[in-house]
>>> print(open('final.txt').read())   # compact mmCIF, C-alpha atoms
# COMPACT_ATOMS: atom_id res chain seq x y z
CA TRP A 1 -20.37 -7.52 -17.91
CA GLY A 2 -19.28 -3.93 -18.47
CA VAL A 3 -16.43 -1.85 -17.09
CA GLU A 4 -17.86 -1.73 -13.57
CA SER A 5 -18.02 -5.50 -13.08
CA LEU A 6 -14.72 -6.30 -14.80
CA GLY A 7 -13.05 -3.32 -13.13
CA THR A 8 -14.22 -4.47 -9.70
CA ILE A 9 -12.63 -7.88 -10.29
CA MET A 10 -9.39 -6.27 -11.46
CA VAL A 11 -9.22 -3.91 -8.49
CA LEU A 12 -9.82 -6.74 -6.02
CA LEU A 13 -7.15 -8.88 -7.67
CA SER A 14 -4.63 -6.02 -7.88
CA ILE A 15 -5.05 -4.93 -4.26
CA GLY A 16 -5.04 -8.56 -3.17
CA LEU A 17 -1.72 -9.16 -4.93
CA ILE A 18 -0.20 -6.03 -3.39
CA ILE A 19 -1.27 -7.06 0.10
CA LEU A 20 -0.12 -10.64 -0.45
CA VAL A 21 3.27 -9.94 -2.03
CA THR A 22 4.54 -6.72 -0.43
CA PRO A 23 4.87 -7.76 3.24
CA SER A 24 6.48 -11.05 2.28
CA LEU A 25 9.16 -9.15 0.35
CA ALA A 26 9.63 -6.00 2.43
CA SER A 27 9.06 -7.06 6.04
CA GLY A 28 12.51 -8.66 6.14
CA LEU A 29 14.47 -5.74 4.71
CA ILE A 30 15.89 -4.66 8.07
CA SER A 31 14.75 -7.37 10.46
CA GLY A 32 16.22 -10.07 8.22
CA GLU A 33 19.65 -8.44 8.35
CA ARG A 34 19.47 -8.11 12.12
CA GLU A 35 18.26 -11.67 12.53
CA THR A 36 21.04 -13.22 10.42
CA GLY A 37 23.81 -10.96 11.72
CA GLY A 38 24.32 -9.16 8.43
CA TRP A 39 23.48 -5.81 9.98
CA GLN A 40 26.84 -5.69 11.76
CA LEU A 41 28.53 -5.79 8.35
CA LEU A 42 26.41 -2.87 7.16
CA GLN A 43 27.42 -0.91 10.25
CA MET A 44 31.06 -1.29 9.23
CA THR A 45 30.48 0.26 5.81
CA PRO A 46 30.47 4.03 5.09
CA LEU A 47 26.93 3.82 3.73
CA THR A 48 24.48 6.39 5.09
CA ALA A 49 21.09 5.41 6.47
CA PHE A 50 19.33 6.94 3.47
CA THR A 51 21.53 4.98 1.06
CA ILE A 52 20.77 1.74 2.87
CA VAL A 53 17.03 2.46 2.89
CA ARG A 54 17.05 3.44 -0.79
CA GLY A 55 18.85 0.26 -1.80
CA LYS A 56 16.58 -1.94 0.32
CA LEU A 57 13.40 -0.33 -0.99
CA MET A 58 14.51 -0.43 -4.62
CA SER A 59 15.15 -4.17 -4.37
CA VAL A 60 11.45 -4.67 -3.61
CA MET A 61 10.09 -1.79 -5.67
CA TRP A 62 11.15 -3.34 -8.98
CA THR A 63 9.17 -6.47 -8.17
CA LEU A 64 6.09 -4.38 -7.41
CA VAL A 65 6.59 -2.41 -10.63
CA LEU A 66 6.63 -5.66 -12.62
CA LEU A 67 3.49 -6.78 -10.79
CA LEU A 68 1.69 -3.56 -11.65
CA PHE A 69 2.86 -3.71 -15.27
CA ALA A 70 1.41 -7.21 -15.51
CA THR A 71 -2.06 -5.75 -14.86
CA LEU A 72 -1.79 -3.04 -17.52
CA PRO A 73 -3.14 -5.18 -20.42
CA ALA A 74 -6.32 -5.90 -18.46
CA TYR A 75 -6.85 -2.23 -17.65
CA GLY A 76 -6.07 -1.38 -21.27
CA LEU A 77 -8.80 -3.78 -22.33
CA LEU A 78 -11.24 -2.04 -19.99
CA SER A 79 -10.42 1.32 -21.57
CA GLU A 80 -11.07 -0.15 -25.02
CA ILE A 81 -14.45 -1.51 -23.92
CA ASP A 82 -15.57 2.00 -23.01
CA VAL A 83 -13.37 4.81 -24.36
CA SER A 84 -15.17 7.37 -22.19
CA ASP A 85 -13.83 5.64 -19.06
CA LYS A 86 -10.13 6.05 -19.89
CA LEU A 87 -9.60 8.87 -17.38
CA ARG A 88 -11.35 6.88 -14.66
CA ILE A 89 -9.16 3.86 -15.34
CA GLN A 90 -6.03 6.05 -15.29
CA ASP A 91 -7.05 7.33 -11.86
CA THR A 92 -7.53 3.74 -10.73
CA LEU A 93 -3.97 2.93 -11.81
CA ILE A 94 -2.73 5.94 -9.82
CA SER A 95 -4.48 4.50 -6.77
CA MET A 96 -2.77 1.16 -7.39
CA VAL A 97 0.65 2.81 -7.52
CA LEU A 98 0.04 4.82 -4.33
CA THR A 99 -1.26 1.72 -2.58
CA ALA A 100 1.82 -0.30 -3.57
CA LEU A 101 4.13 2.50 -2.40
CA PHE A 102 2.32 2.83 0.92
CA ALA A 103 2.35 -0.95 1.48
CA LEU A 104 6.07 -1.05 0.70
CA LEU A 105 6.96 1.75 3.11
CA LEU A 106 4.66 0.37 5.81
CA SER A 107 6.25 -3.08 5.57
CA GLY A 108 9.76 -1.60 5.51
CA THR A 109 9.05 0.57 8.56
CA VAL A 110 7.61 -2.37 10.46
CA SER A 111 10.72 -4.33 9.51
CA SER A 112 12.92 -1.72 11.18
CA LEU A 113 11.00 -2.07 14.45
CA PHE A 114 11.44 -5.83 14.92
CA LYS A 115 14.42 -8.11 15.32
CA ARG A 116 12.59 -11.13 13.93
CA THR A 117 11.29 -11.35 10.38
CA ALA A 118 8.36 -13.56 11.36
CA ALA A 119 7.06 -10.94 13.81
CA ALA A 120 7.57 -8.13 11.28
CA THR A 121 5.81 -10.05 8.53
CA THR A 122 2.83 -10.90 10.74
CA THR A 123 2.49 -7.30 11.91
CA ALA A 124 2.70 -5.92 8.37
CA TYR A 125 0.02 -8.33 7.15
CA MET A 126 -2.25 -7.48 10.08
CA LEU A 127 -1.92 -3.73 9.51
CA LEU A 128 -2.60 -3.92 5.77
CA ILE A 129 -5.49 -6.35 6.12
CA SER A 130 -7.01 -4.23 8.88
CA LEU A 131 -6.72 -1.14 6.70
CA CYS A 132 -8.20 -2.68 3.54
CA ALA A 133 -10.61 -5.26 4.96
CA GLY A 134 -11.21 -4.20 8.54
CA THR A 135 -12.55 -0.77 7.66
CA MET A 136 -15.02 -2.44 5.29
CA LEU A 137 -17.01 -3.46 8.38
CA PHE A 138 -18.15 0.16 8.64
CA TRP A 139 -19.42 -0.05 5.05
CA LEU A 140 -21.30 -3.26 5.81
CA LEU A 141 -22.91 -1.65 8.86
CA GLU A 142 -23.92 1.61 7.18
CA GLU A 143 -27.18 2.99 8.58
CA SER A 144 -27.14 0.42 11.36
CA PRO A 145 -25.47 1.80 13.39
CA PHE A 146 -23.00 3.97 11.39
CA SER A 147 -24.16 7.00 9.43
CA ARG A 148 -23.15 7.58 5.83
CA SER A 149 -20.80 10.43 6.78
CA THR A 150 -19.04 8.22 9.34
CA VAL A 151 -18.64 5.40 6.83
CA GLU A 152 -17.25 7.74 4.19
CA MET A 153 -14.79 9.26 6.67
CA VAL A 154 -13.50 5.80 7.63
CA LEU A 155 -13.30 4.63 4.01
CA LEU A 156 -11.09 7.63 3.19
CA PHE A 157 -8.25 5.64 4.78
CA ASN A 158 -9.01 2.53 2.74
CA PRO A 159 -7.15 2.32 -0.61
CA LEU A 160 -9.31 -0.61 -1.72
CA ALA A 161 -12.52 1.36 -1.17
CA ALA A 162 -11.05 4.36 -3.00
CA ALA A 163 -10.16 2.24 -6.04
CA LEU A 164 -13.61 0.63 -6.02
CA THR A 165 -15.13 4.10 -5.92
CA LEU A 166 -13.13 5.14 -8.97
CA ILE A 167 -14.19 2.08 -10.93
CA LYS A 168 -17.81 2.68 -9.79
CA ALA A 169 -18.17 -0.73 -8.23
CA PRO A 170 -21.67 -1.59 -6.95
CA GLY A 171 -22.19 -0.06 -3.52
CA PHE A 172 -19.24 2.34 -3.80
CA ALA A 173 -20.14 4.63 -6.70
CA GLU A 174 -21.92 7.12 -4.44
CA TYR A 175 -18.91 7.81 -2.21
CA THR A 176 -16.40 10.61 -2.78
CA LEU A 177 -13.03 9.26 -1.60
CA ILE A 178 -10.75 10.82 -4.21
CA PRO A 179 -8.57 12.88 -3.89
CA GLY A 180 -8.83 12.55 -0.09
CA ASN A 181 -7.47 9.00 -0.09
CA TRP A 182 -4.57 10.05 -2.32
CA TYR A 183 -3.62 12.77 0.14
CA ILE A 184 -3.78 10.33 3.05
CA LEU A 185 -1.67 7.72 1.26
CA GLY A 186 0.84 10.35 0.13
CA ILE A 187 1.23 11.95 3.56
CA GLY A 188 1.32 8.54 5.22
CA SER A 189 4.04 7.38 2.82
CA VAL A 190 6.18 10.44 3.58
CA ILE A 191 5.79 9.91 7.34
CA LEU A 192 6.66 6.21 7.02
CA LEU A 193 9.72 7.04 4.92
CA VAL A 194 10.96 9.52 7.54
CA VAL A 195 10.40 7.00 10.34
CA LEU A 196 12.19 4.29 8.34
CA VAL A 197 15.21 6.49 7.64
CA VAL A 198 15.44 7.70 11.25
CA ARG A 199 15.07 4.19 12.59
CA THR A 200 17.71 2.90 10.18
CA TRP A 201 20.04 5.75 11.17
CA ARG A 202 19.67 4.82 14.82
CA LEU A 203 20.41 1.18 14.05
CA THR A 204 23.58 2.08 12.12
CA ARG A 205 24.98 4.04 15.08
CA PRO A 206 27.54 2.16 17.17
CA LEU A 207 26.22 0.74 20.44
>>> encode(input="final.txt", output="structure tokens")
Amino acid sequence: WGVESLGTIMVLLSIGLIILVTPSLASGLISGERETGGWQLLQMTPLTAFTIVRGKLMSVMWTLVLLLFATLPAYGLLSEIDVSDKLRIQDTLISMVLTALFALLLSGTVSSLFKRTAAATTTAYMLLISLCAGTMLFWLLEESPFSRSTVEMVLLFNPLAAALTLIKAPGFAEYTLIPGNWYILGIGSVILLVVLVVRTWRLTRPL
């Protein structure tokens, strides 16, 4: 099938796993504690908001790291099929890591905004699916009515489209989404981390 076809399958599976697993693990980091009453115990400890956030995120991050490591043999096989594509596959792995980090911080931030885990989980899934699948509607409607420049601008926010561009998937090879998507995911992750820490700090303050 070649690197493009196999790589497209791997990218779809990897992003799908990230979207499926991350909200289920991270959307209850804060909301779950508030829902079960465990947050009051955390308020009584001398832990800072950043320490709490770091511990909560690390508990999920290791699972995501194992998930990403599980895909390495497949990507390694792709690089052996075509040695000239090693750099492209490495860039695809970078996109996977940034996507997982962004999904983790987005789910954690959403968790800090809700008192119920069910509501936080639903919201996190909706946001990630809208980002990765919803923006694909612009790609499907290119030239009627959206122009190519409009489609490319929208796809800059889509980590799935960026990874498909790197792997030169059919219909995406002509777009230039890297490094723009990396910048967006990086800046977005920083903003989400700040919001999560600030929100956690406010929750740890006595009423």
>>> closest_residue(input="final.txt", among="A:Val151, A:Leu101, A:Ile81, A:Val197", to="Thr176 in chain A", atoms="only C-alpha atoms")
A:Val151
>>> residues_around(input="final.txt", residues="range 153-163 of chain A", least_positions_apart="6", cutoff="8 Å", atoms="all atoms listed in the file", output="short mmCIF file (atom, residue, chain, number, x, y, z; two decimals) with C-alpha atoms, in the coordinates of the input")
data_model
loop_
_atom_site.label_atom_id
_atom_site.label_comp_id
_atom_site.auth_asym_id
_atom_site.auth_seq_id
_atom_site.Cartn_x
_atom_site.Cartn_y
_atom_site.Cartn_z
CA VAL A 11 -9.22 -3.91 -8.49
CA LEU A 12 -9.82 -6.74 -6.02
CA ILE A 15 -5.05 -4.93 -4.26
CA THR A 92 -7.53 3.74 -10.73
CA SER A 95 -4.48 4.50 -6.77
CA MET A 96 -2.77 1.16 -7.39
CA THR A 99 -1.26 1.72 -2.58
CA LEU A 131 -6.72 -1.14 6.70
CA CYS A 132 -8.20 -2.68 3.54
CA THR A 135 -12.55 -0.77 7.66
CA MET A 136 -15.02 -2.44 5.29
CA PHE A 138 -18.15 0.16 8.64
CA TRP A 139 -19.42 -0.05 5.05
CA PHE A 172 -19.24 2.34 -3.80
CA LEU A 177 -13.03 9.26 -1.60
CA ILE A 178 -10.75 10.82 -4.21
CA GLY A 180 -8.83 12.55 -0.09
CA ASN A 181 -7.47 9.00 -0.09
CA ILE A 184 -3.78 10.33 3.05
CA LEU A 185 -1.67 7.72 1.26
#
>>> residues_around(input="final.txt", residues="Gly108 in chain A", least_positions_apart="5", cutoff="12 Å", atoms="all atoms listed in the file", output="PyMOL selection string")
chain A and resi 22-32+52-61+101-103+113-114+117+120-121+123-125+189+192-197+199-200
>>> atom_distance(input="final.txt", atom1="CA of Glu142 in chain A", atom2="CA of Gly188 in chain A")
26.2 Å
>>> atom_distance(input="final.txt", atom1="CA of Ser5 in chain A", atom2="CA of Trp182 in chain A")
23.2 Å
>>> atom_distance(input="final.txt", atom1="CA of Leu68 in chain A", atom2="CA of Ile94 in chain A")
10.6 Å
>>> closest_residue(input="final.txt", among="A:Tyr175, A:Arg116, A:Leu127, A:Ser147", to="Glu33 in chain A", atoms="all atoms listed in the file")
A:Arg116
>>> residues_around(input="final.txt", residues="Thr45 in chain A", least_positions_apart="4", cutoff="10 Å", atoms="only C-alpha atoms", output="PyMOL selection string")
chain A and resi 40-41+204
>>> write_last_selection(input="final.txt", atoms="C-alpha atoms", output="PDB file, in the frame of the given file")
ATOM      1  CA  GLN A  40      26.840  -5.690  11.760  1.00  0.00           C
ATOM      2  CA  LEU A  41      28.530  -5.790   8.350  1.00  0.00           C
ATOM      3  CA  THR A 204      23.580   2.080  12.120  1.00  0.00           C
TER       4      THR A 204
END
